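**Student:** First the structure, which I've put down as structure tokens, then a few questions once you've had a look.
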Amino acid sequence: MQPLQQEDAQRSTELHQEVQHFYARQMLHLDNGHAVEWAATFTEDGVFAANAHPQPTQGRAQIESGAREAARKLAEQGLQRRHWLGMLQVDEDVDGHITARSYALIIETPVNGQAALRLSCTCDDVLVRVDGRLQVLRREVHRDDIR
Amino acid sequence: MQPLQQEDAQRSTELHQEVQHFYARQMLHLDNGHAVEWAATFTEDGVFAANAHPQPTQGRAQIESGAREAARKLAEQGLQRRHWLGMLQVDEDVDGHITARSYALIIETPVNGQAALRLSCTCDDVLVRVDGRLQVLRREVHRDDIR
Amino acid sequence: MQPLQQEDAQRSTELHQEVQHFYARQMLHLDNGHAVEWAATFTEDGVFAANAHPQPTQGRAQIESGAREAARKLAEQGLQRRHWLGMLQVDEDVDGHITARSYALIIETPVNGQAALRLSCTCDDVLVRVDGRLQVLRREVHRDDIR
């Protein structure tokens with residue numbers, strides 16, 4: 001194996017771990033209803049597009065208020081949501097854009113009730129590094145039930 | 001900690017990431033119904049054995065036609081399948097054979113319907129490196145409902 | 001990027017993989033009903049606390065007998081359980097204590113029956129290294145249905 005390939009492999013391993021870690025932190029913010037921290041994982045002009053939404057959500061203010069409203073409804077219904085991302089593929093372009101593709105499951109548990117699988121999705125992200133930290137520039141979530 | 005152990009740990013980290021990446025790509029091919037690309041993730045003489053099948057599927061041609069037939073049926077039924085592998089253990093033998101053990105879930109979503117957990121399995125692979133890329137030499141899938 | 005940061009990132013990647021591997025082995029022991037091997041993944045005085053239990057389980061002997069009793073009941077009911085951990089965050093303190101936070105799902109499959117999601121939880125571990133190997137010093141499992 002060539003030194004360069006070794007270096008490439010090395011880098012991709014670190015990045016793969018970094019993205020996994022980033023997603024774990026990000027989704028815990030969302031599931032905990034921490035709307036400000038959640039919004040801060042997107043770039044200032046970050047975009048959240050979904051095949052379930054007529055329009056993409058754009059910019060941190062919109063992303064934050066969307067998360068706050070969703071958290072309010074879930075609290076009203078007594079539901080704890082958990083977002084699982086898995087089956088992750090990470091690739092970095094020469095310009096520093098990172099594409100991260102994953103599968104996503106949303107699990108919901110009512111107080112004193114039965115945990116249930118609510119949604120299966122794919123999640124396609126473009127991530128960038130801002131001051132050394134990963135942020136989502138654009139996310140596209142595709143629900144498997146809407147085709 | 002000895003330098004050698006450090007090196008060993010390093011190698012295993014890269015391999016663990018590489019296998020995770022390989023599975024993500026491989027299962028996306030299967031779930032997208034890309035039978036040719038799916039079959040190419042096995043060696044030419046690759047074996048797919050399952051406790052749900054009377055005989056193992058052997059060789060790329062059989063593996064490809066099996067995947068094509070499965071994709072046809074799922075499309076007919078309007079079902080999107082997602083294969084999740086997780087809880088992965090990877091070990092490399094001195095002869096370059098890689099054993100990868102994982103848990104597997106199959107999630108199914110009908111058009112405009114409710115996502116559901118269909119199967120829980122274990123997946124035991126022997127992987128080899130062909131021209132630098134991982135391929136499955138032998139896979140054994142064990143469904144938890146069949147004992 | 002500074003050499004020191006590079007080294008830090010590297011270390012955390014190895015540790016992240018090591019914890020993933022540890023969990024895969026640990027949960028396979030539990031799901032296989034190997035109570036002795038399961039208990040050995042905790043420190044001698046390891047603690048297993050859960051919001052579903054009135055008292056924490058303390059020490060390997062208790063942890064082992066708890067797992068043996070659980071395995072006996074599941075076998076009686078013909079249930080195969082699978083514990084999935086995911087969305088993992090790992091951080092190491094300067095004193096060598098490792099905190100590992102994850103989401104957990106418990107999947108259950110009856111003989112000849114339908115796999116089902118039984119529980120969604122969070123799992124907060126303090127891990128330590130004993131003779132070079134990870135062990136659980138303290139685990140806190142929080143079921144999402146009990147709040």
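In the structure tokens, chains take the letters A, B, ... in the order shown, each chain's residues start at 1, and ligands count up from 1 in the order shown.
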Show me which bits of chain C are within 12 Å of chain A, counting only C-alpha atoms, as a ChimeraX atom specification.
**Tutor:** /C:1-2,5-20,52,84-91,100-107,116-122,142-147
**Student:** Residues near Ile98 of chain A, anyone? I mean within 8 Å using only C-alpha atoms, not counting same-chain ones fewer than 3 positions away, as a PDB file with all heavy atoms, in the first residue's frame.
**Tutor:**
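Once written, around-v1.pdb looks like this:
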ATOM      1  N   VAL A  90     -19.535   8.617   4.162  1.00  0.00           N
ATOM      2  CA  VAL A  90     -18.969   9.967   4.210  1.00  0.00           C
ATOM      3  C   VAL A  90     -17.927  10.122   3.118  1.00  0.00           C
ATOM      4  O   VAL A  90     -17.045   9.268   2.974  1.00  0.00           O
ATOM      5  CB  VAL A  90     -18.305  10.227   5.580  1.00  0.00           C
ATOM      6  CG1 VAL A  90     -17.717  11.632   5.637  1.00  0.00           C
ATOM      7  CG2 VAL A  90     -19.302  10.025   6.713  1.00  0.00           C
ATOM      8  N   ASP A  91     -18.008  11.183   2.354  1.00  0.00           N
ATOM      9  CA  ASP A  91     -16.998  11.489   1.340  1.00  0.00           C
ATOM     10  C   ASP A  91     -16.675  12.968   1.374  1.00  0.00           C
ATOM     11  O   ASP A  91     -17.572  13.799   1.523  1.00  0.00           O
ATOM     12  CB  ASP A  91     -17.501  11.100  -0.056  1.00  0.00           C
ATOM     13  CG  ASP A  91     -17.626   9.598  -0.193  1.00  0.00           C
ATOM     14  OD1 ASP A  91     -16.586   8.934  -0.299  1.00  0.00           O
ATOM     15  OD2 ASP A  91     -18.768   9.103  -0.156  1.00  0.00           O
ATOM     16  N   GLU A  92     -15.382  13.280   1.229  1.00  0.00           N
ATOM     17  CA  GLU A  92     -14.962  14.678   1.256  1.00  0.00           C
ATOM     18  C   GLU A  92     -14.473  15.094  -0.120  1.00  0.00           C
ATOM     19  O   GLU A  92     -13.650  14.417  -0.720  1.00  0.00           O
ATOM     20  CB  GLU A  92     -13.846  14.873   2.303  1.00  0.00           C
ATOM     21  CG  GLU A  92     -13.506  16.338   2.508  1.00  0.00           C
ATOM     22  CD  GLU A  92     -12.724  16.581   3.802  1.00  0.00           C
ATOM     23  OE1 GLU A  92     -12.270  15.613   4.426  1.00  0.00           O
ATOM     24  OE2 GLU A  92     -12.590  17.763   4.173  1.00  0.00           O
ATOM     25  N   ASP A  93     -15.008  16.220  -0.614  1.00  0.00           N
ATOM     26  CA  ASP A  93     -14.561  16.769  -1.886  1.00  0.00           C
ATOM     27  C   ASP A  93     -13.248  17.521  -1.691  1.00  0.00           C
ATOM     28  O   ASP A  93     -12.873  17.845  -0.570  1.00  0.00           O
ATOM     29  CB  ASP A  93     -15.591  17.784  -2.432  1.00  0.00           C
ATOM     30  CG  ASP A  93     -16.894  17.126  -2.792  1.00  0.00           C
ATOM     31  OD1 ASP A  93     -16.917  15.887  -2.880  1.00  0.00           O
ATOM     32  OD2 ASP A  93     -17.892  17.852  -2.982  1.00  0.00           O
ATOM     33  N   ASP A 125     -26.767  14.825   3.591  1.00  0.00           N
ATOM     34  CA  ASP A 125     -26.229  16.087   4.107  1.00  0.00           C
ATOM     35  C   ASP A 125     -25.047  16.572   3.281  1.00  0.00           C
ATOM     36  O   ASP A 125     -24.254  15.765   2.789  1.00  0.00           O
ATOM     37  CB  ASP A 125     -25.703  15.884   5.540  1.00  0.00           C
ATOM     38  CG  ASP A 125     -26.801  15.948   6.591  1.00  0.00           C
ATOM     39  OD1 ASP A 125     -27.963  16.206   6.241  1.00  0.00           O
ATOM     40  OD2 ASP A 125     -26.484  15.722   7.778  1.00  0.00           O
ATOM     41  N   VAL A 126     -24.933  17.885   3.171  1.00  0.00           N
ATOM     42  CA  VAL A 126     -23.655  18.514   2.819  1.00  0.00           C
ATOM     43  C   VAL A 126     -23.173  19.218   4.079  1.00  0.00           C
ATOM     44  O   VAL A 126     -23.874  20.088   4.618  1.00  0.00           O
ATOM     45  CB  VAL A 126     -23.797  19.520   1.657  1.00  0.00           C
ATOM     46  CG1 VAL A 126     -22.436  20.156   1.356  1.00  0.00           C
ATOM     47  CG2 VAL A 126     -24.374  18.837   0.432  1.00  0.00           C
ATOM     48  N   LEU A 127     -22.010  18.791   4.562  1.00  0.00           N
ATOM     49  CA  LEU A 127     -21.433  19.359   5.779  1.00  0.00           C
ATOM     50  C   LEU A 127     -20.227  20.212   5.408  1.00  0.00           C
ATOM     51  O   LEU A 127     -19.531  19.915   4.430  1.00  0.00           O
ATOM     52  CB  LEU A 127     -20.968  18.235   6.722  1.00  0.00           C
ATOM     53  CG  LEU A 127     -21.990  17.162   7.084  1.00  0.00           C
ATOM     54  CD1 LEU A 127     -21.326  16.046   7.902  1.00  0.00           C
ATOM     55  CD2 LEU A 127     -23.149  17.755   7.872  1.00  0.00           C
ATOM     56  N   VAL A 128     -20.005  21.249   6.174  1.00  0.00           N
ATOM     57  CA  VAL A 128     -18.799  22.062   5.997  1.00  0.00           C
ATOM     58  C   VAL A 128     -18.171  22.259   7.377  1.00  0.00           C
ATOM     59  O   VAL A 128     -18.809  22.027   8.402  1.00  0.00           O
ATOM     60  CB  VAL A 128     -19.112  23.441   5.379  1.00  0.00           C
ATOM     61  CG1 VAL A 128     -19.517  23.292   3.904  1.00  0.00           C
ATOM     62  CG2 VAL A 128     -20.197  24.171   6.156  1.00  0.00           C
TER      63      VAL A 128
END
**Student:** Based on the backbone DSSP call, show me all residues of chain C assigned alpha helix (DSSP H), as a count of residues only.
**Tutor:** 52
**Student:** From the DSSP assignment of the backbone, select every residue of segment 27-114 of chain C that is strand (DSSP E), and format the answer as an MDAnalysis selection string.
**Tutor:** chainID C and resid 42:50 57:58 79:92 98:110
**Student:** Just give me the gap between atom CA of Ala71 of chain C and atom CA of Arg138 of chain C in Å, one decimal is fine.
**Tutor:**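 Atom CA of Arg138 of chain C lies 21.6 Å from atom CA of Ala71 of chain C.
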**Student:** Given only C-alpha atoms as the basis, pick out the residue of A:Ala35, A:Val130, A:Val94, A:Ala75 nearest to Ala61 of chain A.
**Tutor:**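 For Ala61 of chain A, the nearest of the given residues is A:Ala35.
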